[in-house]
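Dropping upload33.pdb in here (PDB, C-alpha atoms and all ligand atoms):
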ATOM      1  CA  GLU K   1       4.900  10.736   4.010
ATOM      2  CA  ILE K   2       5.304   8.194   6.741
ATOM      3  CA  GLU K   3       2.231   7.341   8.696
ATOM      4  CA  ARG K   4       2.650   6.093  12.205
ATOM      5  CA  LEU K   5       0.350   3.277  13.149
ATOM      6  CA  VAL K   6      -0.424   3.130  16.829
ATOM      7  CA  CYS K   7      -1.371  -0.403  17.274
ATOM      8  CA  CYS K   8      -1.185  -2.599  20.352
ATOM      9  CA  TYR K   9      -1.971  -5.762  18.470
ATOM     10  CA  CYS K  10      -2.012  -6.352  14.711
ATOM     11  CA  ASP K  11      -2.773  -9.576  12.976
ATOM     12  CA  GLY K  12      -2.655 -10.584   9.330
ATOM     13  CA  VAL K  13      -5.996 -11.862   8.110
ATOM     14  CA  LEU K  14      -7.001 -13.476   4.841
ATOM     15  CA  ILE K  15      -9.268 -11.309   2.748
ATOM     16  CA  THR K  16     -10.342 -12.396  -0.710
ATOM     17  CA  GLN K  17     -11.298  -9.679  -3.159
ATOM     18  CA  TRP K  18     -12.989 -10.039  -6.532
ATOM     19  CA  PRO K  19     -13.146  -9.431  -9.416
ATOM     20  CA  ASN K  20      -9.502  -8.733 -10.188
ATOM     21  CA  TYR K  21     -10.351  -6.384 -12.994
ATOM     22  CA  ILE K  22     -13.471  -4.547 -14.153
ATOM     23  CA  SER K  23     -13.972  -2.624 -17.340
ATOM     24  CA  SER K  24     -17.209  -0.735 -17.842
ATOM     25  CA  LEU K  25     -18.575   2.295 -19.635
ATOM     26  CA  PRO K  26     -19.373   5.654 -18.026
ATOM     27  CA  GLY K  27     -22.980   5.764 -16.870
ATOM     28  CA  SER K  28     -22.954   2.192 -15.619
ATOM     29  CA  SER K  29     -22.146   0.973 -12.138
ATOM     30  CA  VAL K  30     -19.826  -1.825 -11.092
ATOM     31  CA  LYS K  31     -19.684  -3.967  -7.981
ATOM     32  CA  MET K  32     -16.660  -5.368  -6.206
ATOM     33  CA  HIS K  33     -16.578  -7.624  -3.194
ATOM     34  CA  CYS K  34     -14.406  -8.608  -0.285
ATOM     35  CA  TYR K  35     -14.679 -11.633   1.947
ATOM     36  CA  GLN K  36     -12.857 -12.290   5.205
ATOM     37  CA  ASN K  37     -12.253 -16.038   5.104
ATOM     38  CA  ASP K  38     -11.190 -16.724   8.672
ATOM     39  CA  THR K  39     -12.394 -13.751  10.693
ATOM     40  CA  ASP K  40     -15.662 -12.025  11.575
ATOM     41  CA  TYR K  41     -14.462  -8.482  12.006
ATOM     42  CA  ASP K  42     -17.222  -5.895  12.192
ATOM     43  CA  TYR K  43     -15.353  -2.940  10.731
ATOM     44  CA  LYS K  44     -14.774  -2.955   6.999
ATOM     45  CA  TYR K  45     -13.101  -0.383   4.784
ATOM     46  CA  TRP K  46     -12.705   0.533   1.152
ATOM     47  CA  TYR K  47      -9.747   2.448  -0.197
ATOM     48  CA  ARG K  48      -9.042   3.897  -3.581
ATOM     49  CA  GLN K  49      -5.548   4.182  -5.000
ATOM     50  CA  ILE K  50      -4.827   6.255  -8.073
ATOM     51  CA  LYS K  51      -1.640   5.410  -9.946
ATOM     52  CA  GLY K  52       1.370   7.055  -8.325
ATOM     53  CA  GLU K  53      -0.507   7.999  -5.152
ATOM     54  CA  GLY K  54      -1.174   6.386  -1.813
ATOM     55  CA  PRO K  55      -4.435   4.690  -0.856
ATOM     56  CA  VAL K  56      -7.244   7.029   0.202
ATOM     57  CA  LEU K  57     -10.097   5.919   2.424
ATOM     58  CA  ILE K  58     -13.460   5.935   0.636
ATOM     59  CA  GLY K  59     -15.397   4.942   3.700
ATOM     60  CA  SER K  60     -16.040   2.441   6.427
ATOM     61  CA  TYR K  61     -18.845   0.044   7.001
ATOM     62  CA  ASN K  62     -19.995  -1.576  10.203
ATOM     63  CA  PHE K  63     -23.200  -3.134  11.476
ATOM     64  CA  ASN K  64     -24.842  -2.481   8.098
ATOM     65  CA  SER K  65     -24.111   1.212   8.461
ATOM     66  CA  PRO K  66     -21.893   2.921   5.858
ATOM     67  CA  THR K  67     -19.916   6.098   6.488
ATOM     68  CA  ASN K  68     -18.509   7.784   3.413
ATOM     69  CA  GLU K  69     -15.525  10.083   3.675
ATOM     70  CA  LYS K  70     -15.534  13.620   2.320
ATOM     71  CA  GLY K  71     -15.257  13.625  -1.467
ATOM     72  CA  PHE K  72     -16.800  10.161  -1.708
ATOM     73  CA  GLU K  73     -20.351  11.025  -0.663
ATOM     74  CA  THR K  74     -21.826  10.184  -4.034
ATOM     75  CA  GLY K  75     -21.004   7.475  -6.526
ATOM     76  CA  PHE K  76     -19.594   5.071  -3.943
ATOM     77  CA  THR K  77     -22.064   2.801  -2.151
ATOM     78  CA  MET K  78     -20.967   0.354   0.526
ATOM     79  CA  SER K  79     -23.229  -2.540   1.364
ATOM     80  CA  GLY K  80     -23.280  -6.059   2.758
ATOM     81  CA  THR K  81     -25.649  -8.012   4.927
ATOM     82  CA  GLU K  82     -23.266 -10.777   5.990
ATOM     83  CA  THR K  83     -20.467 -10.251   8.479
ATOM     84  CA  LYS K  84     -17.939 -11.883   6.201
ATOM     85  CA  LYS K  85     -18.715 -10.221   2.901
ATOM     86  CA  TRP K  86     -18.909  -6.581   1.908
ATOM     87  CA  THR K  87     -19.467  -4.832  -1.372
ATOM     88  CA  LEU K  88     -18.593  -1.557  -3.016
ATOM     89  CA  THR K  89     -20.682  -0.221  -5.875
ATOM     90  CA  VAL K  90     -18.978   2.448  -7.964
ATOM     91  CA  ASP K  91     -20.784   4.661 -10.441
ATOM     92  CA  VAL K  92     -18.516   4.678 -13.457
ATOM     93  CA  LYS K  93     -17.471   8.006 -14.905
ATOM     94  CA  GLU K  94     -14.444   9.369 -16.709
ATOM     95  CA  GLY K  95     -11.282   9.323 -14.633
ATOM     96  CA  ILE K  96     -12.578   6.959 -11.969
ATOM     97  CA  ASP K  97     -10.225   4.131 -12.862
ATOM     98  CA  ALA K  98      -8.092   3.164  -9.909
ATOM     99  CA  VAL K  99      -7.088   0.277  -7.732
ATOM    100  CA  TYR K 100      -9.733  -0.372  -5.103
ATOM    101  CA  LEU K 101      -8.634  -2.021  -1.891
ATOM    102  CA  CYS K 102     -10.466  -3.332   1.127
ATOM    103  CA  ALA K 103      -9.575  -3.949   4.742
ATOM    104  CA  ALA K 104     -11.200  -5.154   7.924
ATOM    105  CA  SER K 105     -10.574  -4.631  11.602
ATOM    106  CA  LEU K 106     -11.856  -5.920  14.896
ATOM    107  CA  HIS K 107     -12.109  -2.458  16.458
ATOM    108  CA  SER K 108     -13.004   0.879  14.942
ATOM    109  CA  GLU K 109      -9.439   2.205  15.461
TER     110      GLU K 109
HETATM  111  C1  LIG A   1     -11.796 -17.531   0.678
HETATM  112  O1  LIG A   1     -13.161 -17.299   0.387
HETATM  113  C2  LIG A   1     -13.431 -17.075  -0.993
HETATM  114  C3  LIG A   1     -14.879 -16.638  -1.133
HETATM  115  O2  LIG A   1     -15.770 -17.551  -0.559
HETATM  116  C4  LIG A   1     -13.097 -18.322  -1.780
HETATM  117  O3  LIG A   1     -13.344 -18.121  -3.133
HETATM  118  C5  LIG A   1     -11.622 -18.646  -1.565
HETATM  119  O4  LIG A   1     -11.284 -19.845  -2.209
HETATM  120  C6  LIG A   1     -11.295 -18.744  -0.068
HETATM  121  N1  LIG A   1      -9.849 -18.871   0.067
HETATM  122  C7  LIG A   1      -9.299 -19.806   0.847
HETATM  123  C8  LIG A   1      -7.803 -19.832   0.862
HETATM  124  O5  LIG A   1      -9.952 -20.570   1.540
END

Encoded form using structure tokens:
Amino acid sequence: EIERLVCCYCDGVLITQWPNYISSLPGSSVKMHCYQNDTDYDYKYWYRQIKGEGPVLIGSYNFNSPTNEKGFETGFTMSGTETKKWTLTVDVKEGIDAVYLCAASLHSE
């Protein structure tokens, strides 16, 4: 499926994400972080990509206020008190392994 992006101005920004890999047992929780090196965008996002599928939005985070998408209401906690850095905490359970991606934008669109 091709998604059309309606965008009047797009800019590549440097975002650093860590750790590269996490392995943990069900029942624990893991944290991953993103940092926007050169920008101070207010809107941050986390996506989850299961092998063979496209990225799915977990939720967005702005002004210390997280909004989780349907299906991600529990087990996924977005946090971050600095503008530049944001964090996703995932409660580990069977079948939750995936690639987690982050993004940031200047506007909510
Ligand atoms: C970006 O910021 C991260 C986190 O502070 C740092 O580890 C990394 O080296 C920075 N990357 C560049 C290219 O400055």

Counting only C-alpha atoms and all ligand atoms, what are the residues of chain K within 10 Å of ligand LIG 1 (chain A), and for each of them which pair of atoms is the nearest and at what distance in Å, to one decimal? Sort the table by chain and rising number, as JSON lines.
{"residue": "K:Leu14", "atom": "CA", "partner": "A:LIG1", "partner_atom": "C1", "distance": 7.5}
{"residue": "K:Ile15", "atom": "CA", "partner": "A:LIG1", "partner_atom": "C1", "distance": 7.0}
{"residue": "K:Thr16", "atom": "CA", "partner": "A:LIG1", "partner_atom": "C1", "distance": 5.5}
{"residue": "K:Gln17", "atom": "CA", "partner": "A:LIG1", "partner_atom": "C2", "distance": 8.0}
{"residue": "K:Trp18", "atom": "CA", "partner": "A:LIG1", "partner_atom": "C3", "distance": 8.7}
{"residue": "K:His33", "atom": "CA", "partner": "A:LIG1", "partner_atom": "C3", "distance": 9.4}
{"residue": "K:Cys34", "atom": "CA", "partner": "A:LIG1", "partner_atom": "C3", "distance": 8.1}
{"residue": "K:Tyr35", "atom": "CA", "partner": "A:LIG1", "partner_atom": "C3", "distance": 5.9}
{"residue": "K:Gln36", "atom": "CA", "partner": "A:LIG1", "partner_atom": "O1", "distance": 7.0}
{"residue": "K:Asn37", "atom": "CA", "partner": "A:LIG1", "partner_atom": "C1", "distance": 4.7}
{"residue": "K:Asp38", "atom": "CA", "partner": "A:LIG1", "partner_atom": "C1", "distance": 8.1}
{"residue": "K:Lys84", "atom": "CA", "partner": "A:LIG1", "partner_atom": "O2", "distance": 9.1}
{"residue": "K:Lys85", "atom": "CA", "partner": "A:LIG1", "partner_atom": "C3", "distance": 8.5}

Can you list, as a PDB file with C-alpha atoms, in the coordinates of the input, every protein, DNA or RNA residue that comes within 12 Å of region 101-104 of chain K when you count only C-alpha atoms, leaving out same-chain residues fewer than 4 positions away?
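Saved result, out-v3.pdb, follows:
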ATOM      1  CA  CYS K  10      -2.012  -6.352  14.711  1.00  0.00           C
ATOM      2  CA  ASP K  11      -2.773  -9.576  12.976  1.00  0.00           C
ATOM      3  CA  GLY K  12      -2.655 -10.584   9.330  1.00  0.00           C
ATOM      4  CA  VAL K  13      -5.996 -11.862   8.110  1.00  0.00           C
ATOM      5  CA  LEU K  14      -7.001 -13.476   4.841  1.00  0.00           C
ATOM      6  CA  ILE K  15      -9.268 -11.309   2.748  1.00  0.00           C
ATOM      7  CA  THR K  16     -10.342 -12.396  -0.710  1.00  0.00           C
ATOM      8  CA  GLN K  17     -11.298  -9.679  -3.159  1.00  0.00           C
ATOM      9  CA  TRP K  18     -12.989 -10.039  -6.532  1.00  0.00           C
ATOM     10  CA  PRO K  19     -13.146  -9.431  -9.416  1.00  0.00           C
ATOM     11  CA  ASN K  20      -9.502  -8.733 -10.188  1.00  0.00           C
ATOM     12  CA  MET K  32     -16.660  -5.368  -6.206  1.00  0.00           C
ATOM     13  CA  HIS K  33     -16.578  -7.624  -3.194  1.00  0.00           C
ATOM     14  CA  CYS K  34     -14.406  -8.608  -0.285  1.00  0.00           C
ATOM     15  CA  TYR K  35     -14.679 -11.633   1.947  1.00  0.00           C
ATOM     16  CA  GLN K  36     -12.857 -12.290   5.205  1.00  0.00           C
ATOM     17  CA  ASN K  37     -12.253 -16.038   5.104  1.00  0.00           C
ATOM     18  CA  ASP K  38     -11.190 -16.724   8.672  1.00  0.00           C
ATOM     19  CA  THR K  39     -12.394 -13.751  10.693  1.00  0.00           C
ATOM     20  CA  ASP K  40     -15.662 -12.025  11.575  1.00  0.00           C
ATOM     21  CA  TYR K  41     -14.462  -8.482  12.006  1.00  0.00           C
ATOM     22  CA  ASP K  42     -17.222  -5.895  12.192  1.00  0.00           C
ATOM     23  CA  TYR K  43     -15.353  -2.940  10.731  1.00  0.00           C
ATOM     24  CA  LYS K  44     -14.774  -2.955   6.999  1.00  0.00           C
ATOM     25  CA  TYR K  45     -13.101  -0.383   4.784  1.00  0.00           C
ATOM     26  CA  TRP K  46     -12.705   0.533   1.152  1.00  0.00           C
ATOM     27  CA  TYR K  47      -9.747   2.448  -0.197  1.00  0.00           C
ATOM     28  CA  ARG K  48      -9.042   3.897  -3.581  1.00  0.00           C
ATOM     29  CA  GLN K  49      -5.548   4.182  -5.000  1.00  0.00           C
ATOM     30  CA  ILE K  50      -4.827   6.255  -8.073  1.00  0.00           C
ATOM     31  CA  GLY K  54      -1.174   6.386  -1.813  1.00  0.00           C
ATOM     32  CA  PRO K  55      -4.435   4.690  -0.856  1.00  0.00           C
ATOM     33  CA  VAL K  56      -7.244   7.029   0.202  1.00  0.00           C
ATOM     34  CA  LEU K  57     -10.097   5.919   2.424  1.00  0.00           C
ATOM     35  CA  ILE K  58     -13.460   5.935   0.636  1.00  0.00           C
ATOM     36  CA  GLY K  59     -15.397   4.942   3.700  1.00  0.00           C
ATOM     37  CA  SER K  60     -16.040   2.441   6.427  1.00  0.00           C
ATOM     38  CA  TYR K  61     -18.845   0.044   7.001  1.00  0.00           C
ATOM     39  CA  ASN K  62     -19.995  -1.576  10.203  1.00  0.00           C
ATOM     40  CA  MET K  78     -20.967   0.354   0.526  1.00  0.00           C
ATOM     41  CA  THR K  83     -20.467 -10.251   8.479  1.00  0.00           C
ATOM     42  CA  LYS K  84     -17.939 -11.883   6.201  1.00  0.00           C
ATOM     43  CA  LYS K  85     -18.715 -10.221   2.901  1.00  0.00           C
ATOM     44  CA  TRP K  86     -18.909  -6.581   1.908  1.00  0.00           C
ATOM     45  CA  THR K  87     -19.467  -4.832  -1.372  1.00  0.00           C
ATOM     46  CA  LEU K  88     -18.593  -1.557  -3.016  1.00  0.00           C
ATOM     47  CA  SER K 108     -13.004   0.879  14.942  1.00  0.00           C
ATOM     48  CA  GLU K 109      -9.439   2.205  15.461  1.00  0.00           C
TER      49      GLU K 109
END

Atom pair CA of Ile22 (chain K) / CA of Glu73 (chain K): separation (Å) =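 It comes out at 21.7 Å.
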
Residues matched by the PyMOL selection byres (((chain K and resi 91-96) around 12) and not hetatm), written as an mmCIF file with C-alpha atoms, in the coordinates of the input:
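Output contents, as saved in selection.cif:
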data_model
loop_
_atom_site.group_PDB
_atom_site.id
_atom_site.type_symbol
_atom_site.label_atom_id
_atom_site.label_comp_id
_atom_site.auth_asym_id
_atom_site.auth_seq_id
_atom_site.Cartn_x
_atom_site.Cartn_y
_atom_site.Cartn_z
ATOM 1 C CA ILE K 22 -13.471 -4.547 -14.153
ATOM 2 C CA SER K 23 -13.972 -2.624 -17.340
ATOM 3 C CA SER K 24 -17.209 -0.735 -17.842
ATOM 4 C CA LEU K 25 -18.575 2.295 -19.635
ATOM 5 C CA PRO K 26 -19.373 5.654 -18.026
ATOM 6 C CA GLY K 27 -22.980 5.764 -16.870
ATOM 7 C CA SER K 28 -22.954 2.192 -15.619
ATOM 8 C CA SER K 29 -22.146 0.973 -12.138
ATOM 9 C CA VAL K 30 -19.826 -1.825 -11.092
ATOM 10 C CA LYS K 31 -19.684 -3.967 -7.981
ATOM 11 C CA MET K 32 -16.660 -5.368 -6.206
ATOM 12 C CA ARG K 48 -9.042 3.897 -3.581
ATOM 13 C CA GLN K 49 -5.548 4.182 -5.000
ATOM 14 C CA ILE K 50 -4.827 6.255 -8.073
ATOM 15 C CA LYS K 51 -1.640 5.410 -9.946
ATOM 16 C CA PHE K 72 -16.800 10.161 -1.708
ATOM 17 C CA GLU K 73 -20.351 11.025 -0.663
ATOM 18 C CA THR K 74 -21.826 10.184 -4.034
ATOM 19 C CA GLY K 75 -21.004 7.475 -6.526
ATOM 20 C CA PHE K 76 -19.594 5.071 -3.943
ATOM 21 C CA THR K 77 -22.064 2.801 -2.151
ATOM 22 C CA MET K 78 -20.967 0.354 0.526
ATOM 23 C CA LEU K 88 -18.593 -1.557 -3.016
ATOM 24 C CA THR K 89 -20.682 -0.221 -5.875
ATOM 25 C CA VAL K 90 -18.978 2.448 -7.964
ATOM 26 C CA ASP K 97 -10.225 4.131 -12.862
ATOM 27 C CA ALA K 98 -8.092 3.164 -9.909
ATOM 28 C CA VAL K 99 -7.088 0.277 -7.732
ATOM 29 C CA TYR K 100 -9.733 -0.372 -5.103
#

Step by step: locate region 80-92 of chain K in the block above, keep all heavy atoms, then write the file as a PDB file, in the first residue's frame.
ATOM      1  N   GLY K  80       9.613  11.253  28.917  1.00  0.00           N
ATOM      2  CA  GLY K  80      10.728  12.124  28.559  1.00  0.00           C
ATOM      3  C   GLY K  80      10.481  13.520  29.073  1.00  0.00           C
ATOM      4  O   GLY K  80       9.414  14.082  28.850  1.00  0.00           O
ATOM      5  N   THR K  81      11.434  14.042  29.809  1.00  0.00           N
ATOM      6  CA  THR K  81      11.247  15.375  30.376  1.00  0.00           C
ATOM      7  C   THR K  81      12.048  16.434  29.624  1.00  0.00           C
ATOM      8  O   THR K  81      11.810  17.617  29.780  1.00  0.00           O
ATOM      9  CB  THR K  81      11.653  15.396  31.858  1.00  0.00           C
ATOM     10  OG1 THR K  81      12.959  14.836  31.971  1.00  0.00           O
ATOM     11  CG2 THR K  81      10.708  14.586  32.707  1.00  0.00           C
ATOM     12  N   GLU K  82      13.017  15.982  28.806  1.00  0.00           N
ATOM     13  CA  GLU K  82      13.766  16.937  27.994  1.00  0.00           C
ATOM     14  C   GLU K  82      13.122  17.030  26.613  1.00  0.00           C
ATOM     15  O   GLU K  82      12.507  16.082  26.156  1.00  0.00           O
ATOM     16  CB  GLU K  82      15.201  16.448  27.761  1.00  0.00           C
ATOM     17  CG  GLU K  82      15.982  16.063  28.974  1.00  0.00           C
ATOM     18  CD  GLU K  82      17.251  15.295  28.577  1.00  0.00           C
ATOM     19  OE1 GLU K  82      17.840  15.631  27.530  1.00  0.00           O
ATOM     20  OE2 GLU K  82      17.628  14.371  29.296  1.00  0.00           O
ATOM     21  N   THR K  83      13.330  18.150  25.960  1.00  0.00           N
ATOM     22  CA  THR K  83      12.827  18.294  24.591  1.00  0.00           C
ATOM     23  C   THR K  83      13.535  17.330  23.656  1.00  0.00           C
ATOM     24  O   THR K  83      12.929  16.736  22.775  1.00  0.00           O
ATOM     25  CB  THR K  83      13.049  19.733  24.088  1.00  0.00           C
ATOM     26  OG1 THR K  83      12.460  20.615  25.033  1.00  0.00           O
ATOM     27  CG2 THR K  83      12.405  19.950  22.729  1.00  0.00           C
ATOM     28  N   LYS K  84      14.830  17.146  23.879  1.00  0.00           N
ATOM     29  CA  LYS K  84      15.627  16.407  22.906  1.00  0.00           C
ATOM     30  C   LYS K  84      15.533  14.891  23.027  1.00  0.00           C
ATOM     31  O   LYS K  84      15.760  14.177  22.072  1.00  0.00           O
ATOM     32  CB  LYS K  84      17.099  16.821  23.032  1.00  0.00           C
ATOM     33  CG  LYS K  84      17.379  18.183  22.428  1.00  0.00           C
ATOM     34  CD  LYS K  84      18.859  18.464  22.399  1.00  0.00           C
ATOM     35  CE  LYS K  84      19.184  19.733  21.615  1.00  0.00           C
ATOM     36  NZ  LYS K  84      18.820  19.617  20.194  1.00  0.00           N
ATOM     37  N   LYS K  85      15.186  14.419  24.206  1.00  0.00           N
ATOM     38  CA  LYS K  85      15.251  12.975  24.436  1.00  0.00           C
ATOM     39  C   LYS K  85      13.884  12.416  24.824  1.00  0.00           C
ATOM     40  O   LYS K  85      13.193  13.014  25.646  1.00  0.00           O
ATOM     41  CB  LYS K  85      16.263  12.699  25.544  1.00  0.00           C
ATOM     42  CG  LYS K  85      16.505  11.238  25.810  1.00  0.00           C
ATOM     43  CD  LYS K  85      17.478  11.059  26.961  1.00  0.00           C
ATOM     44  CE  LYS K  85      17.434   9.649  27.505  1.00  0.00           C
ATOM     45  NZ  LYS K  85      18.173   9.521  28.759  1.00  0.00           N
ATOM     46  N   TRP K  86      13.534  11.282  24.246  1.00  0.00           N
ATOM     47  CA  TRP K  86      12.299  10.626  24.637  1.00  0.00           C
ATOM     48  C   TRP K  86      12.508   9.128  24.733  1.00  0.00           C
ATOM     49  O   TRP K  86      13.428   8.577  24.143  1.00  0.00           O
ATOM     50  CB  TRP K  86      11.126  11.010  23.743  1.00  0.00           C
ATOM     51  CG  TRP K  86      11.182  10.697  22.284  1.00  0.00           C
ATOM     52  CD1 TRP K  86      10.430   9.762  21.631  1.00  0.00           C
ATOM     53  CD2 TRP K  86      11.974  11.326  21.264  1.00  0.00           C
ATOM     54  NE1 TRP K  86      10.722   9.780  20.296  1.00  0.00           N
ATOM     55  CE2 TRP K  86      11.655  10.724  20.033  1.00  0.00           C
ATOM     56  CE3 TRP K  86      12.935  12.342  21.282  1.00  0.00           C
ATOM     57  CZ2 TRP K  86      12.258  11.090  18.834  1.00  0.00           C
ATOM     58  CZ3 TRP K  86      13.543  12.713  20.088  1.00  0.00           C
ATOM     59  CH2 TRP K  86      13.203  12.102  18.891  1.00  0.00           C
ATOM     60  N   THR K  87      11.648   8.509  25.520  1.00  0.00           N
ATOM     61  CA  THR K  87      11.875   7.129  25.947  1.00  0.00           C
ATOM     62  C   THR K  87      10.603   6.309  25.786  1.00  0.00           C
ATOM     63  O   THR K  87       9.500   6.814  26.007  1.00  0.00           O
ATOM     64  CB  THR K  87      12.319   7.128  27.431  1.00  0.00           C
ATOM     65  OG1 THR K  87      13.573   7.817  27.529  1.00  0.00           O
ATOM     66  CG2 THR K  87      12.483   5.727  27.990  1.00  0.00           C
ATOM     67  N   LEU K  88      10.810   5.068  25.377  1.00  0.00           N
ATOM     68  CA  LEU K  88       9.692   4.122  25.327  1.00  0.00           C
ATOM     69  C   LEU K  88      10.011   2.960  26.255  1.00  0.00           C
ATOM     70  O   LEU K  88      11.085   2.365  26.171  1.00  0.00           O
ATOM     71  CB  LEU K  88       9.490   3.605  23.897  1.00  0.00           C
ATOM     72  CG  LEU K  88       8.387   2.567  23.712  1.00  0.00           C
ATOM     73  CD1 LEU K  88       7.005   3.185  23.945  1.00  0.00           C
ATOM     74  CD2 LEU K  88       8.453   1.933  22.323  1.00  0.00           C
ATOM     75  N   THR K  89       9.085   2.667  27.150  1.00  0.00           N
ATOM     76  CA  THR K  89       9.210   1.506  28.019  1.00  0.00           C
ATOM     77  C   THR K  89       8.221   0.445  27.541  1.00  0.00           C
ATOM     78  O   THR K  89       7.027   0.736  27.383  1.00  0.00           O
ATOM     79  CB  THR K  89       8.919   1.886  29.484  1.00  0.00           C
ATOM     80  OG1 THR K  89       9.782   2.969  29.848  1.00  0.00           O
ATOM     81  CG2 THR K  89       9.150   0.711  30.418  1.00  0.00           C
ATOM     82  N   VAL K  90       8.732  -0.736  27.279  1.00  0.00           N
ATOM     83  CA  VAL K  90       7.893  -1.825  26.769  1.00  0.00           C
ATOM     84  C   VAL K  90       7.863  -2.949  27.793  1.00  0.00           C
ATOM     85  O   VAL K  90       8.919  -3.403  28.259  1.00  0.00           O
ATOM     86  CB  VAL K  90       8.442  -2.355  25.425  1.00  0.00           C
ATOM     87  CG1 VAL K  90       7.603  -3.520  24.913  1.00  0.00           C
ATOM     88  CG2 VAL K  90       8.488  -1.239  24.383  1.00  0.00           C
ATOM     89  N   ASP K  91       6.662  -3.359  28.164  1.00  0.00           N
ATOM     90  CA  ASP K  91       6.520  -4.531  29.023  1.00  0.00           C
ATOM     91  C   ASP K  91       6.720  -5.772  28.148  1.00  0.00           C
ATOM     92  O   ASP K  91       5.995  -5.971  27.172  1.00  0.00           O
ATOM     93  CB  ASP K  91       5.129  -4.563  29.666  1.00  0.00           C
ATOM     94  CG  ASP K  91       4.935  -3.390  30.625  1.00  0.00           C
ATOM     95  OD1 ASP K  91       5.938  -2.793  31.046  1.00  0.00           O
ATOM     96  OD2 ASP K  91       3.771  -3.075  30.936  1.00  0.00           O
ATOM     97  N   VAL K  92       7.683  -6.563  28.517  1.00  0.00           N
ATOM     98  CA  VAL K  92       8.063  -7.700  27.672  1.00  0.00           C
ATOM     99  C   VAL K  92       7.104  -8.862  27.888  1.00  0.00           C
ATOM    100  O   VAL K  92       6.829  -9.257  29.018  1.00  0.00           O
ATOM    101  CB  VAL K  92       9.512  -8.141  27.990  1.00  0.00           C
ATOM    102  CG1 VAL K  92       9.906  -9.339  27.132  1.00  0.00           C
ATOM    103  CG2 VAL K  92      10.476  -6.985  27.757  1.00  0.00           C
TER     104      VAL K  92
END
